[in-house]
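Student: For reference, the structure I am asking about is given below.
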Amino acid sequence: MNVLIVEDDEMILEGLSIALGQEGYRVMTAKTCAQALEILAQEALPDICLLDVMLPDGDGYGICREIRKKSDLPILFLTACEDEVHTVMALEIGADDYVAKPFRIRELLARMKAILRRTSGRKQKEESAIMVGGNQVFLDTGKVYAGNKEVLLTAMEYKLLLIFLNHRGRNLTREQILGEIWDAAGDFVNDNTLSVYVKRLRRKLGDTEEQPLITTVRGIGYRLEK
């Protein structure tokens with residue numbers, strides 16, 4: 001379990017690093033907003049982030065906002081400000097919880113574990129999705145989402161998408177696709193109808209010339225890009 005601690009107080013940072021390390025966490029640390037954002041820009045995100053409010057080059061609120069633009073990474077604020085305005089602000093911009101300084105390590109660990117329990121289902125849902133461009137395809141439910149908005153596919157469009165996913169990155173001839181796909185009435189789909197289905201699927205998935213998802217392979221058929 002990886003934790004990122006963003007804290008500029010040397011004593012607090014060292015104490016937290018030792019305590020969390022003893023609990024089995026792999027600890028990453030940052031003392032400034034710039035250092036934190038550099039770590040968060042890496043491909044592998046930590047499992048949870050502990051954020052101080054006041055930092056030398058900004059504040060934890062700004063880091064929280066940046067995280068929430070692209071991730072549901074669990075965030076717990078470490079704040080010396082106990083007044084309602086600061087705690088409400090932290091929660092409104094996307095924090096999962098906060099702990100007021102000074103705090104007991106056992107309390108902090110309990111809060112962290114509670115957050116990780118609450119968010120584990122959310123993380124498992126994300127991991128179960130197959131990404132197609134900016135779309136999440138959930139095979140267990142047969143649903144497709146672009147962000148938080150469901151992409152409504154017909155049964156035939158979804159079946160066509162599954163065929164592409166099963167052969168992702170490989171050229172598929174039109175004959176291969178036609179051999180696997182049937183329309184809702186059970187009649188064989190003809191070549192012209194296939195072109196219509198592919199066109200509609202591309203549009204719904206946000207396929208563009210600049211960022212193609214389903215590429216037309218001239219003289220052969222189609223390919224779903226990796």
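Labels used: A, B, ... for chains in the order of the structure tokens, numbers from 1 for residues in each chain, and numbers from 1 for ligands as shown.
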Applying 12 Å and only C-alpha atoms, which residues near Val6 of chain A remain after dropping the ones on its own chain fewer than 4 positions away? List them as a PyMOL selection string.

Tutor: chain A and resi 10+12-14+16-17+27-40+48-56+58-61+63-64+75-79

Student: Please run DSSP on the backbone and report, as a PyMOL selection string, all residues within segment 74-171 of chain A that come out as strand (DSSP E).

Tutor: chain A and resi 75-79+97-100+130-132+135-138+143-146+149-151

Student: Store the residues picked out above in a file with N, CA and C atoms, as a short mmCIF file (atom, residue, chain, number, x, y, z; two decimals), in the first residue's frame.

Tutor:
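The new file again.cif reads:
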data_model
loop_
_atom_site.label_atom_id
_atom_site.label_comp_id
_atom_site.auth_asym_id
_atom_site.auth_seq_id
_atom_site.Cartn_x
_atom_site.Cartn_y
_atom_site.Cartn_z
N ILE A 75 -8.03 11.15 -0.47
CA ILE A 75 -7.28 12.29 0.07
C ILE A 75 -7.72 12.56 1.50
N LEU A 76 -6.75 12.65 2.40
CA LEU A 76 -7.01 13.00 3.79
C LEU A 76 -6.18 14.24 4.12
N PHE A 77 -6.84 15.31 4.56
CA PHE A 77 -6.14 16.55 4.89
C PHE A 77 -5.61 16.51 6.32
N LEU A 78 -4.39 17.01 6.50
CA LEU A 78 -3.80 17.23 7.81
C LEU A 78 -3.80 18.74 8.03
N THR A 79 -4.65 19.21 8.92
CA THR A 79 -4.81 20.65 9.04
C THR A 79 -4.71 21.15 10.47
N ASP A 97 -11.59 13.05 3.89
CA ASP A 97 -11.64 13.25 5.35
C ASP A 97 -10.54 14.22 5.74
N TYR A 98 -10.51 14.60 7.00
CA TYR A 98 -9.47 15.49 7.50
C TYR A 98 -9.17 15.12 8.96
N VAL A 99 -7.95 15.42 9.39
CA VAL A 99 -7.53 15.23 10.78
C VAL A 99 -6.88 16.53 11.23
N ALA A 100 -7.30 17.03 12.38
CA ALA A 100 -6.74 18.28 12.90
C ALA A 100 -5.47 18.02 13.68
N ILE A 130 -12.64 -1.90 -19.10
CA ILE A 130 -11.72 -1.90 -20.23
C ILE A 130 -11.83 -0.52 -20.88
N MET A 131 -10.69 0.13 -21.10
CA MET A 131 -10.70 1.46 -21.67
C MET A 131 -10.65 1.39 -23.19
N VAL A 132 -11.54 2.16 -23.82
CA VAL A 132 -11.51 2.34 -25.27
C VAL A 132 -11.53 3.85 -25.49
N ASN A 135 -13.51 6.02 -23.05
CA ASN A 135 -14.69 5.27 -22.62
C ASN A 135 -14.31 4.09 -21.75
N GLN A 136 -15.14 3.81 -20.75
CA GLN A 136 -14.97 2.65 -19.90
C GLN A 136 -16.03 1.61 -20.27
N VAL A 137 -15.59 0.41 -20.58
CA VAL A 137 -16.50 -0.68 -20.96
C VAL A 137 -16.51 -1.69 -19.82
N PHE A 138 -17.68 -1.87 -19.19
CA PHE A 138 -17.83 -2.82 -18.08
C PHE A 138 -18.49 -4.09 -18.61
N LYS A 143 -22.33 -2.23 -19.76
CA LYS A 143 -22.51 -0.78 -19.86
C LYS A 143 -21.21 -0.10 -20.28
N VAL A 144 -21.37 1.04 -20.95
CA VAL A 144 -20.24 1.84 -21.42
C VAL A 144 -20.41 3.26 -20.92
N TYR A 145 -19.32 3.84 -20.40
CA TYR A 145 -19.39 5.20 -19.87
C TYR A 145 -18.28 6.07 -20.47
N ALA A 146 -18.63 7.32 -20.75
CA ALA A 146 -17.66 8.35 -21.11
C ALA A 146 -17.65 9.30 -19.93
N LYS A 149 -20.99 9.83 -17.74
CA LYS A 149 -22.18 9.75 -18.59
C LYS A 149 -22.21 8.42 -19.34
N GLU A 150 -23.35 7.73 -19.24
CA GLU A 150 -23.46 6.44 -19.92
C GLU A 150 -23.59 6.64 -21.43
N VAL A 151 -22.86 5.83 -22.18
CA VAL A 151 -22.96 5.81 -23.63
C VAL A 151 -23.98 4.74 -24.00
#

Student: Calculated over only C-alpha atoms, which of the candidates A:Arg104, A:Leu165, A:Asp57, A:Leu116 has the smallest distance to Val3 of chain A?

Tutor: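 Counting only C-alpha atoms, the residue closest to Val3 of chain A is A:Leu116.
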
Student: Using backbone DSSP assignments, extract all alpha helix (DSSP H) residues from segment 125-181 of chain A; output them as a tab-separated table (two decimals) with N, CA and C atoms, in the first residue's frame.

Tutor:
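Result saved to part_38.tsv:
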chain	number	residue	atom	x	y	z
A	125	LYS	N	-14.11	-1.14	-9.17
A	125	LYS	CA	-14.98	-0.88	-10.33
A	125	LYS	C	-14.16	-0.30	-11.47
A	126	GLU	N	-13.26	0.65	-11.13
A	126	GLU	CA	-12.44	1.26	-12.16
A	126	GLU	C	-11.52	0.23	-12.80
A	127	GLU	N	-10.95	-0.66	-11.96
A	127	GLU	CA	-10.01	-1.64	-12.48
A	127	GLU	C	-10.70	-2.69	-13.34
A	155	ALA	N	-28.09	-3.16	-28.87
A	155	ALA	CA	-27.55	-4.51	-28.68
A	155	ALA	C	-26.55	-4.86	-29.78
A	156	MET	N	-26.86	-4.43	-31.01
A	156	MET	CA	-25.97	-4.73	-32.12
A	156	MET	C	-24.67	-3.94	-32.04
A	157	GLU	N	-24.76	-2.69	-31.64
A	157	GLU	CA	-23.55	-1.87	-31.50
A	157	GLU	C	-22.65	-2.44	-30.41
A	158	TYR	N	-23.26	-2.88	-29.30
A	158	TYR	CA	-22.46	-3.45	-28.21
A	158	TYR	C	-21.82	-4.77	-28.65
A	159	LYS	N	-22.57	-5.57	-29.40
A	159	LYS	CA	-22.01	-6.84	-29.89
A	159	LYS	C	-20.83	-6.58	-30.81
A	160	LEU	N	-20.95	-5.57	-31.64
A	160	LEU	CA	-19.86	-5.20	-32.55
A	160	LEU	C	-18.64	-4.73	-31.76
A	161	LEU	N	-18.89	-3.94	-30.71
A	161	LEU	CA	-17.80	-3.49	-29.86
A	161	LEU	C	-17.06	-4.66	-29.22
A	162	LEU	N	-17.81	-5.66	-28.76
A	162	LEU	CA	-17.19	-6.85	-28.15
A	162	LEU	C	-16.32	-7.60	-29.16
A	163	ILE	N	-16.76	-7.67	-30.40
A	163	ILE	CA	-15.96	-8.33	-31.43
A	163	ILE	C	-14.64	-7.60	-31.61
A	164	PHE	N	-14.71	-6.27	-31.66
A	164	PHE	CA	-13.48	-5.48	-31.79
A	164	PHE	C	-12.57	-5.68	-30.58
A	165	LEU	N	-13.15	-5.71	-29.39
A	165	LEU	CA	-12.35	-5.89	-28.17
A	165	LEU	C	-11.67	-7.26	-28.14
A	166	ASN	N	-12.36	-8.28	-28.63
A	166	ASN	CA	-11.79	-9.62	-28.65
A	166	ASN	C	-10.62	-9.75	-29.62
A	174	ARG	N	-13.92	-7.54	-43.21
A	174	ARG	CA	-15.37	-7.39	-43.13
A	174	ARG	C	-16.04	-8.75	-43.08
A	175	GLU	N	-15.46	-9.72	-43.79
A	175	GLU	CA	-16.03	-11.07	-43.79
A	175	GLU	C	-15.95	-11.71	-42.40
A	176	GLN	N	-14.83	-11.47	-41.71
A	176	GLN	CA	-14.70	-12.01	-40.35
A	176	GLN	C	-15.76	-11.43	-39.42
A	177	ILE	N	-15.95	-10.12	-39.52
A	177	ILE	CA	-16.94	-9.47	-38.66
A	177	ILE	C	-18.34	-9.96	-39.01
A	178	LEU	N	-18.64	-10.02	-40.30
A	178	LEU	CA	-19.96	-10.47	-40.73
A	178	LEU	C	-20.23	-11.91	-40.30
A	179	GLY	N	-19.16	-12.68	-40.18
A	179	GLY	CA	-19.32	-14.07	-39.77
A	179	GLY	C	-19.67	-14.22	-38.29
A	180	GLU	N	-19.43	-13.16	-37.50
A	180	GLU	CA	-19.67	-13.23	-36.06
A	180	GLU	C	-20.91	-12.45	-35.60

Student: Pick from A:Val189, A:Leu45, A:Val217, A:Leu153: nearest to Leu201 of chain A, with only C-alpha atoms counted?

Tutor: A:Leu153

Student: Given only C-alpha atoms as the basis, pick out the residue of A:Pro102, A:Gly221, A:Gly15, A:Gly147 nearest to Gly133 of chain A.

Tutor: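 Ranked by minimum distance to Gly133 of chain A, first place goes to A:Gly147.
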
Student: Excluding Ile220 of chain A and residues on its chain fewer than 6 positions from it, collect all residues at most 9 Å away from it, counting only C-alpha atoms, and give them as JSON, numbers by chain.

Tutor: {"A": [171, 172, 173, 174]}

Student: Let me see the file: selected residues, C-alpha atoms, as a PDB file, in the first residue's frame.

Tutor:
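Listed below is the output, again16.pdb:
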ATOM      1  CA  ASN A 171      -6.933  -6.233 -38.546  1.00  0.00           C
ATOM      2  CA  LEU A 172     -10.406  -7.717 -39.002  1.00  0.00           C
ATOM      3  CA  THR A 173     -11.774  -8.325 -42.461  1.00  0.00           C
ATOM      4  CA  ARG A 174     -15.373  -7.387 -43.129  1.00  0.00           C
TER       5      ARG A 174
END

Student: Atom CA of Ala80 of chain A to atom CA of Arg117 of chain A: how many Å, to one decimal?

Tutor: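 So the two atoms, atom CA of Ala80 of chain A and atom CA of Arg117 of chain A, lie 25.5 Å apart.
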
Student: Counting only C-alpha atoms, figure out which residue out of A:Lys204, A:Arg106, A:Lys69, A:Arg118 gets nearest to Thr154 of chain A.

Tutor: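 Checking each candidate against Thr154 of chain A, we get A:Lys204 as the closest.
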
Student: Expressed in Å to a single decimal, how great is the separation between atom CA of Asp47 of chain A and atom CA of Glu7 of chain A?

Tutor: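 For atom CA of Asp47 of chain A relative to atom CA of Glu7 of chain A, the distance reads 17.1 Å.
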
Student: Between atom CA of Met89 of chain A and atom CA of Asp72 of chain A, what is the distance, to one decimal in Å?

Tutor: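 These atoms are spaced 17.3 Å apart.
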